[in-house]
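Participant: So I've got this file, my_file06.txt, and it contains compact mmCIF, C-alpha atoms:
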# COMPACT_ATOMS: atom_id res chain seq x y z
CA ASP Q 1474 142.03 22.85 181.31
CA VAL Q 1475 141.03 26.02 179.52
CA LYS Q 1476 137.50 27.02 180.24
CA VAL Q 1477 135.56 29.36 177.99
CA THR Q 1478 132.06 29.92 179.29
CA GLN Q 1479 129.18 31.58 177.51
CA SER Q 1480 126.45 32.96 179.71
CA SER Q 1481 123.49 31.36 177.92
CA ARG Q 1482 123.04 28.13 176.01
CA TYR Q 1483 119.75 29.17 174.44
CA LEU Q 1484 118.25 32.62 174.02
CA VAL Q 1485 115.03 33.85 172.42
CA LYS Q 1486 114.70 37.55 171.71
CA ARG Q 1487 112.29 39.79 169.85
CA THR Q 1488 113.10 41.79 166.74
CA GLY Q 1489 114.49 45.18 167.67
CA GLU Q 1490 115.71 44.19 171.12
CA LYS Q 1491 119.25 44.94 172.23
CA VAL Q 1492 120.95 41.62 173.00
CA PHE Q 1493 124.05 40.93 175.04
CA LEU Q 1494 126.01 37.68 174.70
CA GLU Q 1495 128.64 37.22 177.37
CA CYS Q 1496 131.82 35.17 177.28
CA VAL Q 1497 134.31 34.58 180.07
CA GLN Q 1498 137.61 32.68 179.94
CA ASP Q 1499 139.67 31.66 182.94
CA MET Q 1500 143.11 31.08 181.42
CA ASP Q 1501 144.39 34.65 181.18
CA HIS Q 1502 144.25 34.57 177.39
CA GLU Q 1503 144.89 37.85 175.65
CA ASN Q 1504 142.98 37.02 172.48
CA MET Q 1505 139.22 36.60 172.31
CA PHE Q 1506 136.94 36.06 169.34
CA TRP Q 1507 133.28 35.90 168.40
CA TYR Q 1508 132.24 33.59 165.57
CA ARG Q 1509 128.87 32.90 164.08
CA GLN Q 1510 128.04 29.34 162.93
CA ASP Q 1511 125.40 28.66 160.30
CA PRO Q 1512 124.77 25.39 158.41
CA GLY Q 1513 126.73 25.28 155.18
CA LEU Q 1514 128.61 28.50 156.01
CA GLY Q 1515 130.98 27.23 158.67
CA LEU Q 1516 132.39 29.57 161.29
CA ARG Q 1517 132.52 33.22 160.34
CA LEU Q 1518 134.43 35.79 162.37
CA ILE Q 1519 132.39 38.71 163.68
CA TYR Q 1520 134.83 40.58 165.93
CA PHE Q 1521 138.02 39.89 167.84
CA SER Q 1522 140.09 41.52 170.53
CA TYR Q 1523 143.77 41.26 171.44
CA ASP Q 1524 143.64 43.32 174.59
CA VAL Q 1525 141.38 45.12 176.99
CA LYS Q 1526 139.40 47.92 175.36
CA MET Q 1527 140.72 46.85 171.97
CA LYS Q 1528 138.58 45.45 169.15
CA GLU Q 1529 138.93 44.59 165.49
CA LYS Q 1530 136.25 43.86 162.91
CA GLY Q 1531 136.09 40.41 161.43
CA ASP Q 1532 134.41 39.34 158.22
CA ILE Q 1533 130.79 40.01 159.18
CA PRO Q 1534 130.65 42.86 161.77
CA GLU Q 1535 127.52 44.58 160.47
CA GLY Q 1536 124.78 44.75 163.08
CA TYR Q 1537 127.13 43.80 165.92
CA SER Q 1538 129.41 45.53 168.36
CA VAL Q 1539 131.64 44.24 171.14
CA SER Q 1540 132.97 45.28 174.51
CA ARG Q 1541 136.08 44.19 176.38
CA GLU Q 1542 136.37 46.02 179.68
CA LYS Q 1543 138.22 43.19 181.43
CA LYS Q 1544 140.75 40.74 180.08
CA GLU Q 1545 138.65 37.68 180.87
CA ARG Q 1546 135.34 38.94 179.47
CA PHE Q 1547 134.31 39.64 175.90
CA SER Q 1548 130.74 40.67 175.14
CA LEU Q 1549 128.93 40.59 171.81
CA ILE Q 1550 126.14 43.13 171.40
CA LEU Q 1551 123.34 43.03 168.87
CA GLU Q 1552 122.23 46.65 168.79
CA SER Q 1553 118.81 45.91 167.29
CA ALA Q 1554 118.22 42.20 166.82
CA SER Q 1555 116.86 41.04 163.48
CA THR Q 1556 115.61 37.64 162.34
CA ASN Q 1557 118.67 37.14 160.12
CA GLN Q 1558 120.79 37.16 163.26
CA THR Q 1559 119.20 33.90 164.38
CA SER Q 1560 122.23 31.67 164.65
CA MET Q 1561 124.71 29.81 166.85
CA TYR Q 1562 127.27 32.16 168.36
CA LEU Q 1563 130.63 30.80 169.48
CA CYS Q 1564 133.16 32.60 171.62
CA ALA Q 1565 136.81 31.54 171.58
CA SER Q 1566 140.07 32.55 173.19
CA SER Q 1567 143.75 31.98 172.59
CA LEU Q 1568 147.11 32.88 174.08
CA VAL Q 1569 148.98 35.76 172.46
CA GLY Q 1570 151.31 34.59 169.71
CA THR Q 1571 149.51 31.27 169.35
CA THR Q 1572 146.75 30.29 167.02
CA GLU Q 1573 144.99 27.41 168.79
CA ALA Q 1574 141.51 28.61 169.65
CA PHE Q 1575 139.55 27.27 172.62
CA PHE Q 1576 135.82 27.51 172.17
CA GLY Q 1577 132.88 28.09 174.45
CA GLN Q 1578 129.85 25.81 174.29
CA GLY Q 1579 127.93 28.22 172.09
CA THR Q 1580 124.75 30.29 172.42
CA ARG Q 1581 121.88 29.44 170.13
CA LEU Q 1582 120.06 32.70 169.57
CA THR Q 1583 116.60 32.83 168.04
CA VAL Q 1584 115.18 36.21 167.05
CA VAL Q 1585 111.42 36.20 166.57
CA GLY N 25 143.57 37.66 154.08
CA GLU N 26 143.35 33.91 153.84
CA ASN N 27 140.58 31.97 152.09
CA VAL N 28 139.93 28.30 152.96
CA GLU N 29 137.84 25.92 150.85
CA GLN N 30 136.76 22.55 152.24
CA HIS N 31 135.38 19.43 150.50
CA PRO N 32 133.21 17.45 150.67
CA SER N 33 130.43 19.08 152.68
CA THR N 34 129.03 15.68 153.68
CA LEU N 35 130.68 12.27 153.80
CA SER N 36 129.25 8.88 154.72
CA VAL N 37 131.48 5.88 155.29
CA GLN N 38 131.01 2.37 156.60
CA GLU N 39 132.49 1.64 159.99
CA GLY N 40 136.06 0.49 159.57
CA ASP N 41 136.60 2.32 156.28
CA SER N 42 138.81 5.39 155.86
CA ALA N 43 137.62 8.98 155.48
CA VAL N 44 139.46 11.82 153.79
CA ILE N 45 138.57 15.51 153.96
CA LYS N 46 140.42 18.05 151.85
CA CYS N 47 141.05 21.77 152.20
CA THR N 48 142.75 24.32 150.01
CA TYR N 49 144.10 27.69 151.08
CA SER N 50 145.00 30.82 149.18
CA ASP N 51 147.98 32.41 150.93
CA SER N 52 151.21 30.59 150.12
CA ALA N 53 152.81 32.13 153.24
CA SER N 54 150.34 30.42 155.61
CA ASN N 55 152.18 28.23 158.08
CA TYR N 56 149.70 26.61 160.45
CA PHE N 57 146.77 24.32 159.64
CA PRO N 58 144.55 22.97 162.41
CA TRP N 59 141.58 20.62 162.27
CA TYR N 60 138.65 20.94 164.65
CA LYS N 61 135.99 18.35 165.44
CA GLN N 62 132.53 19.37 166.57
CA GLU N 63 130.29 16.62 167.90
CA LEU N 64 126.56 17.21 167.92
CA GLY N 65 125.63 19.86 170.48
CA LYS N 66 129.23 20.39 171.58
CA ARG N 67 131.95 22.95 171.06
CA PRO N 68 134.60 22.63 168.33
CA GLN N 69 137.80 21.10 169.66
CA LEU N 70 141.25 20.88 168.13
CA ILE N 71 142.11 17.31 167.15
CA ILE N 72 145.30 17.72 165.17
CA ASP N 73 147.35 20.45 163.52
CA ILE N 74 150.33 20.73 161.22
CA ARG N 75 152.90 23.40 160.59
CA SER N 76 154.36 24.23 157.21
CA ASN N 77 157.77 22.76 157.97
CA VAL N 78 156.44 19.17 157.90
CA GLY N 79 154.50 17.21 155.31
CA GLU N 80 152.60 14.78 157.51
CA LYS N 81 151.60 14.31 161.11
CA LYS N 82 149.89 11.32 162.72
CA ASP N 83 148.07 10.77 165.97
CA GLN N 84 146.73 7.23 166.30
CA ARG N 85 143.94 6.87 163.72
CA ILE N 86 144.07 10.43 162.43
CA ALA N 87 146.66 12.05 160.21
CA VAL N 88 147.05 15.32 158.38
CA THR N 89 149.05 15.82 155.20
CA LEU N 90 150.21 19.11 153.74
CA ASN N 91 151.13 19.89 150.15
CA LYS N 92 152.60 23.39 150.16
CA THR N 93 153.14 23.49 146.42
CA ALA N 94 149.50 22.79 145.69
CA LYS N 95 148.34 24.72 148.78
CA HIS N 96 146.16 21.99 150.15
CA PHE N 97 145.99 19.89 153.29
CA SER N 98 143.93 16.84 154.15
CA LEU N 99 142.58 15.02 157.18
CA HIS N 100 142.72 11.23 157.07
CA ILE N 101 140.80 9.06 159.50
CA THR N 102 141.47 5.33 159.35
CA GLU N 103 139.39 2.48 160.80
CA THR N 104 136.48 4.83 161.35
CA GLN N 105 134.22 4.30 164.34
CA PRO N 106 130.72 5.63 165.13
CA GLU N 107 132.23 8.14 167.57
CA ASP N 108 134.06 9.73 164.65
CA SER N 109 130.68 11.01 163.41
CA ALA N 110 130.86 14.79 163.72
CA VAL N 111 131.42 17.98 161.76
CA TYR N 112 135.07 18.61 160.94
CA PHE N 113 136.50 22.04 160.20
CA CYS N 114 139.85 22.90 158.68
CA ALA N 115 141.38 26.32 159.30
CA ALA N 116 144.33 28.58 158.61
CA PRO N 117 145.47 31.91 160.09
CA SER N 118 143.96 35.00 158.52
CA PHE N 119 147.48 36.31 157.98
CA PRO N 120 150.69 34.29 158.03
CA SER N 121 152.41 36.20 160.81
CA GLY N 122 151.56 37.94 164.03
CA ASN N 123 148.57 37.57 166.28
CA THR N 124 145.79 36.56 163.93
CA PRO N 125 142.38 34.87 164.06
CA LEU N 126 141.66 31.60 162.29
CA VAL N 127 139.72 31.41 159.04
CA PHE N 128 137.61 28.24 158.88
CA GLY N 129 136.39 26.09 156.05
CA LYS N 130 132.66 25.50 155.79
CA GLY N 131 132.83 22.13 157.47
CA THR N 132 132.34 18.47 156.55
CA ARG N 133 129.64 16.41 158.20
CA LEU N 134 131.03 12.89 158.57
CA SER N 135 128.64 10.05 159.24
CA VAL N 136 130.06 6.65 160.15
CA ILE N 137 127.51 3.93 159.49
CA ALA N 138 127.71 0.90 161.76
Output the structure of this file as structure tokens.
Facilitator:
Amino acid sequence: DVKVTQSSRYLVKRTGEKVFLECVQDMDHENMFWYRQDPGLGLRLIYFSYDVKMKEKGDIPEGYSVSREKKERFSLILESASTNQTSMYLCASSLVGTTEAFFGQGTRLTVV
Amino acid sequence: GENVEQHPSTLSVQEGDSAVIKCTYSDSASNYFPWYKQELGKRPQLIIDIRSNVGEKKDQRIAVTLNKTAKHFSLHITETQPEDSAVYFCAAPSFPSGNTPLVFGKGTRLSVIA
């Protein structure tokens, strides 16, 4: 069974803080993704990566950056958290050449 | 890139009735259409998918149909049960070929009333 694990289930941060969301997958998947889930807006792609040290912007990258130093780990960074980044963040991974995405359990981030 | 529209945003059905959720896509070259189910407080999980070389696929009480001419695909759930209550997302690849992320619809919240 593919396991995608996000480091925190719930997180509360203050405006202006630098926030790190961590995601680890154990199935040697090349592809990793960060999505943001908001009611009525579905899942929106923030960033994705097809290989170590490689990253591509998704549809809503503003205010975020990512890091992929190891194949199994993909980190989402909020450089200076703002209240409009309060959301559910979902990490996903997939095998190269396939499209089925396996999701983590999500991190509900609240910025106060 | 691809654009996916999903309707309705909410759907309530009586237990035992059928439920249908529809999605349209913009890129006629798209070739893979998955459906994900997200139960309350849980992660989205793939429940069924269809490729562009077939028109329909069934798995027990769920089925997906694809109309390539009209560029839409639908999820059909028959004999609905309370455990079918969840948010359902349709998706399509951002680009029709190569390694590509999924673009998701906005989701449909299905409530099955016992």
Participant: Which one of N:Gly40, N:Gly79, N:Pro106, N:Gly25 sits closest to chain Q if you count all atoms listed in the file?
Facilitator: N:Gly25
Participant: Within 12 Å of (133.6, 29.6, 176.4) (file coordinates; only C-alpha atoms), which protein or nucleic acid residues are there? I'd like them as an NGL selection string.
Facilitator: (:Q and (1474-1482 or 1494-1500 or 1502 or 1505-1508 or 1545-1548 or 1562-1567 or 1574-1580)) or (:N and (66-69))
Participant: Would you mind listing, as a PyMOL selection string, all residues of chain Q that have at least one atom within 6 Å of chain N, where all atoms listed in the file are what counts?
Facilitator: chain Q and resi 1513-1516+1570+1578
Participant: Determine, counting only C-alpha atoms, which protein, DNA and RNA residues have an atom within 8 Å of an atom of N:Lys46; residues of the same chain fewer than 2 positions away are not included. Present the result as a PDB file with C-alpha atoms, in the coordinates of the input.
Facilitator:
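Wrote result-v9.pdb, looks like this:
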ATOM      1  CA  GLN N  30     136.760  22.550 152.240  1.00  0.00           C
ATOM      2  CA  HIS N  31     135.380  19.430 150.500  1.00  0.00           C
ATOM      3  CA  PRO N  32     133.210  17.450 150.670  1.00  0.00           C
ATOM      4  CA  VAL N  44     139.460  11.820 153.790  1.00  0.00           C
ATOM      5  CA  THR N  48     142.750  24.320 150.010  1.00  0.00           C
ATOM      6  CA  HIS N  96     146.160  21.990 150.150  1.00  0.00           C
ATOM      7  CA  PHE N  97     145.990  19.890 153.290  1.00  0.00           C
ATOM      8  CA  SER N  98     143.930  16.840 154.150  1.00  0.00           C
ATOM      9  CA  LEU N  99     142.580  15.020 157.180  1.00  0.00           C
TER      10      LEU N  99
END
Participant: Give the answer as one residue: which of Q:Val1569, Q:Val1492, Q:Val1485, Q:Val1539 has the shortest atom-to-atom distance to Q:Tyr1523, using only C-alpha atoms?
Facilitator: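 When distances to Q:Tyr1523 are compared using only C-alpha atoms, the smallest one comes from Q:Val1569.
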Participant: Identify, on the basis of only C-alpha atoms, every residue whose closest approach to Q:Lys1544 does not exceed 7 Å; exclude the query and any residue fewer than 3 positions from it along the same chain; express the result as a list in words.
Facilitator: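 Within the cut-off, the hits are Glu1503, Asp1524, Val1525 and Arg1541 of chain Q.
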Participant: How would the residues just picked look written out with C-alpha atoms as a PDB file, in the coordinates of the input?
Facilitator:
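Final output, out02.pdb:
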ATOM      1  CA  GLU Q1503     144.890  37.850 175.650  1.00  0.00           C
ATOM      2  CA  ASP Q1524     143.640  43.320 174.590  1.00  0.00           C
ATOM      3  CA  VAL Q1525     141.380  45.120 176.990  1.00  0.00           C
ATOM      4  CA  ARG Q1541     136.080  44.190 176.380  1.00  0.00           C
TER       5      ARG Q1541
END
Participant: Quote the spacing between atom CA of N:Glu39 and atom CA of N:Trp59 in Å to one decimal place.
Facilitator: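 The value is 21.2 Å.
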Participant: Report, in Å to a single decimal, how far apart atom CA of N:Ser109 and atom CA of N:Arg75 are.
Facilitator: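 Separation between atom CA of N:Arg75 and atom CA of N:Ser109: 25.6 Å.
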Participant: Report as JSON the centre and the edge lengths, in Å to one decimal, of the axis-aligned box holding every listed atom of stretch 1515-1524 of chain Q, padded by 3 Å on each side.
Facilitator:
{"center_x": 137.4, "center_y": 35.3, "center_z": 166.6, "size_x": 18.8, "size_y": 22.1, "size_z": 21.9}
Participant: Leaving out N:Arg85 and any residue of its chain fewer than 5 positions from it, which residues lie within 9 Å of it when counting only C-alpha atoms, given as a list in words?
Facilitator: His100, Ile101, Thr102, Glu103 and Thr104 of chain N
Participant: Distance atom CA of N:Val37-atom CA of N:Ser135, one decimal place?
Facilitator: 6.4 Å
Participant: Can you list, as an MDAnalysis selection string, every protein, DNA or RNA residue that comes within 8 Å of Q:Leu1484 when you count only C-alpha atoms, leaving out same-chain residues fewer than 5 positions away?
Facilitator: chainID Q and resid 1580:1583
Participant: Which neighbours of Q:Ser1553 fall inside 10 Å, counting only C-alpha atoms, when residues of the same chain fewer than 3 positions from it are skipped, and could you give them as a list of chain:residue names?
Facilitator: Q:Arg1487, Q:Thr1488, Q:Gly1489, Q:Glu1490, Q:Lys1491, Q:Val1492, Q:Gly1536, Q:Tyr1537, Q:Ile1550, Q:Gln1558
Participant: Would you save the residues of that selection, restricted to C-alpha atoms, as a PDB file, in the coordinates of the input?
Facilitator:
ATOM      1  CA  ARG Q1487     112.290  39.790 169.850  1.00  0.00           C
ATOM      2  CA  THR Q1488     113.100  41.790 166.740  1.00  0.00           C
ATOM      3  CA  GLY Q1489     114.490  45.180 167.670  1.00  0.00           C
ATOM      4  CA  GLU Q1490     115.710  44.190 171.120  1.00  0.00           C
ATOM      5  CA  LYS Q1491     119.250  44.940 172.230  1.00  0.00           C
ATOM      6  CA  VAL Q1492     120.950  41.620 173.000  1.00  0.00           C
ATOM      7  CA  GLY Q1536     124.780  44.750 163.080  1.00  0.00           C
ATOM      8  CA  TYR Q1537     127.130  43.800 165.920  1.00  0.00           C
ATOM      9  CA  ILE Q1550     126.140  43.130 171.400  1.00  0.00           C
ATOM     10  CA  GLN Q1558     120.790  37.160 163.260  1.00  0.00           C
TER      11      GLN Q1558
END
Participant: In terms of the shortest atom-to-atom distance over only C-alpha atoms, which of N:Ile71, N:Val78, N:Leu134, N:Lys95 is closest to N:Glu29?
Facilitator: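 Selected residue with least distance to N:Glu29: N:Lys95.
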Participant: Nearest residue to N:Val28 out of Q:Gly1531, Q:Tyr1483, Q:Arg1509, Q:Arg1517, using only C-alpha atoms?
Facilitator: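 Smallest separation from N:Val28 among the options: Q:Arg1517.
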Participant: Let me make sure I understand: among N:Asn55, N:Ser76, N:Thr93, N:Gln105, which one has the smallest atom-to-atom distance to N:Asp41 if we use all atoms listed in the file?
Facilitator: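 Closest residue, counting all atoms listed in the file: N:Gln105.
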